[in-house]
file protein29.txt (compact mmCIF, C-alpha atoms)
# COMPACT_ATOMS: atom_id res chain seq x y z
CA MET A 1 -17.48 -9.82 -24.82
CA ALA A 2 -20.42 -12.16 -24.40
CA PHE A 3 -21.54 -12.82 -20.85
CA SER A 4 -24.33 -15.26 -20.11
CA LYS A 5 -26.59 -16.17 -17.23
CA GLU A 6 -24.60 -19.41 -16.91
CA ASP A 7 -21.48 -17.34 -16.25
CA ILE A 8 -23.30 -15.54 -13.42
CA LYS A 9 -24.48 -18.88 -12.00
CA HIS A 10 -20.92 -20.20 -12.16
CA ILE A 11 -19.47 -17.15 -10.40
CA ALA A 12 -22.24 -17.24 -7.79
CA GLY A 13 -21.48 -20.91 -7.19
CA LEU A 14 -17.78 -20.18 -6.73
CA ALA A 15 -18.67 -17.44 -4.23
CA ARG A 16 -21.22 -19.76 -2.59
CA LEU A 17 -24.04 -17.30 -3.23
CA ARG A 18 -27.66 -18.20 -3.84
CA LEU A 19 -29.20 -15.85 -6.36
CA THR A 20 -32.83 -15.54 -7.34
CA ALA A 21 -33.79 -15.70 -11.00
CA GLN A 22 -34.30 -11.92 -10.97
CA GLU A 23 -30.85 -11.35 -9.46
CA GLU A 24 -29.27 -13.60 -12.09
CA GLU A 25 -30.99 -11.57 -14.79
CA ASP A 26 -29.97 -8.24 -13.24
CA TYR A 27 -26.35 -9.26 -12.67
CA THR A 28 -26.08 -10.65 -16.20
CA LYS A 29 -27.13 -7.27 -17.59
CA GLU A 30 -24.87 -5.31 -15.21
CA VAL A 31 -21.77 -7.39 -15.87
CA ALA A 32 -22.40 -7.36 -19.62
CA SER A 33 -22.68 -3.56 -19.45
CA ILE A 34 -19.43 -3.27 -17.50
CA LEU A 35 -17.58 -5.58 -19.89
CA ASN A 36 -18.97 -3.62 -22.86
CA PHE A 37 -17.57 -0.43 -21.33
CA VAL A 38 -14.19 -2.10 -20.81
CA ASP A 39 -14.22 -3.18 -24.46
CA GLN A 40 -14.86 0.45 -25.46
CA LEU A 41 -11.92 1.60 -23.33
CA GLN A 42 -9.67 -1.02 -24.87
CA ALA A 43 -10.64 0.16 -28.36
CA VAL A 44 -9.33 3.69 -27.72
CA LYS A 45 -6.10 4.36 -29.59
CA THR A 46 -3.45 5.42 -27.08
CA ASP A 47 -0.31 4.76 -29.11
CA ASN A 48 0.79 8.41 -29.29
CA ILE A 49 -0.28 9.36 -25.78
CA SER A 50 2.32 9.30 -23.05
CA PRO A 51 1.33 7.45 -19.90
CA LEU A 52 -0.02 9.49 -17.02
CA TYR A 53 1.63 8.24 -13.87
CA GLN A 54 0.65 11.09 -11.59
CA VAL A 55 -1.86 13.90 -11.81
CA THR A 56 -0.94 16.14 -8.87
CA GLU A 57 2.65 16.99 -9.84
CA ILE A 58 3.60 16.61 -6.18
CA GLU A 59 7.05 15.19 -5.62
CA ASN A 60 8.52 13.58 -2.54
CA VAL A 61 10.88 15.93 -0.79
CA LEU A 62 13.69 13.87 0.65
CA ARG A 63 16.66 15.02 2.64
CA PRO A 64 20.08 13.92 1.47
CA ASP A 65 21.56 10.86 3.13
CA GLY A 66 23.78 11.62 6.04
CA GLN A 67 23.72 12.07 9.76
CA PRO A 68 20.18 13.20 10.65
CA TYR A 69 21.21 15.07 13.79
CA PRO A 70 24.42 16.98 14.35
CA SER A 71 26.91 15.13 16.48
CA ASP A 72 27.54 17.23 19.54
CA ARG A 73 30.06 15.23 21.57
CA VAL A 74 30.44 17.99 24.13
CA LYS A 75 26.81 17.75 25.24
CA THR A 76 26.82 13.95 25.07
CA SER A 77 29.96 13.58 27.13
CA ALA A 78 28.66 16.11 29.67
CA LEU A 79 25.52 14.01 30.15
CA VAL A 80 27.46 10.75 30.38
CA ASP A 81 29.79 12.33 32.95
CA LEU A 82 26.75 12.96 35.18
CA ALA A 83 25.76 9.27 35.21
CA PRO A 84 26.72 7.27 38.31
CA ASP A 85 27.86 4.26 36.23
CA LYS A 86 29.26 4.53 32.73
CA ASP A 87 31.26 2.60 30.17
CA LYS A 88 33.15 4.78 27.68
CA ASN A 89 30.43 6.95 26.09
CA TYR A 90 27.46 4.89 27.36
CA VAL A 91 25.44 5.03 30.55
CA ARG A 92 25.38 1.66 32.31
CA VAL A 93 21.99 0.68 33.83
CA LYS A 94 20.63 -2.32 35.72
CA ALA A 95 19.53 -5.19 33.45
CA ILE A 96 15.79 -5.42 32.88
CA LEU A 97 15.78 -8.53 30.68
CA SER A 98 17.06 -11.92 31.72
CA ARG A 99 19.09 -14.22 29.47
CA LYS A 100 16.98 -17.33 30.13
call {"tool": "encode", "arguments": {"input": "protein29.txt", "output": "structure tokens"}}
result
Amino acid sequence: MAFSKEDIKHIAGLARLRLTAQEEEDYTKEVASILNFVDQLQAVKTDNISPLYQVTEIENVLRPDGQPYPSDRVKTSALVDLAPDKDKNYVRVKAILSRK
């Protein structure tokens, strides 16, 4: 892929950068080298190679869906029974947020 000094000037203008003549020359060579390498990578035949999605072979270990903690109604009801004000299986507390 051809890459010229005008391309560098255009990109520098878009990025609002002021480059010296030496920087334009250096960046032209560097970008051309990078694009040449990308062209080489694109030329590699990978038709019969399966994609590599992961290199570590680590898998997520997930628990099955369900109740994360065992339901122990005996302990819950014992705690609720100790509360001075309750409503069914909930402890009633004084409001801290207003409805304004």
call {"tool": "residues_around", "arguments": {"input": "protein29.txt", "residues": "Ala12 in chain A", "least_positions_apart": "5", "cutoff": "12 Å", "atoms": "all atoms listed in the file", "output": "short mmCIF file (atom, residue, chain, number, x, y, z; two decimals) with C-alpha atoms, in the coordinates of the input"}}
result
data_model
loop_
_atom_site.label_atom_id
_atom_site.label_comp_id
_atom_site.auth_asym_id
_atom_site.auth_seq_id
_atom_site.Cartn_x
_atom_site.Cartn_y
_atom_site.Cartn_z
CA LYS A 5 -26.59 -16.17 -17.23
CA GLU A 6 -24.60 -19.41 -16.91
CA ASP A 7 -21.48 -17.34 -16.25
CA LEU A 17 -24.04 -17.30 -3.23
CA ARG A 18 -27.66 -18.20 -3.84
CA LEU A 19 -29.20 -15.85 -6.36
CA THR A 20 -32.83 -15.54 -7.34
CA GLU A 23 -30.85 -11.35 -9.46
CA GLU A 24 -29.27 -13.60 -12.09
CA TYR A 27 -26.35 -9.26 -12.67
CA THR A 28 -26.08 -10.65 -16.20
#
call {"tool": "atom_distance", "arguments": {"input": "protein29.txt", "atom1": "CA of Glu30 in chain A", "atom2": "CA of Ala2 in chain A"}}
result
12.3 Å
call {"tool": "atom_distance", "arguments": {"input": "protein29.txt", "atom1": "CA of Pro51 in chain A", "atom2": "CA of Phe37 in chain A"}}
result
20.5 Å
call {"tool": "atom_distance", "arguments": {"input": "protein29.txt", "atom1": "CA of Val31 in chain A", "atom2": "CA of Phe3 in chain A"}}
result
7.4 Å
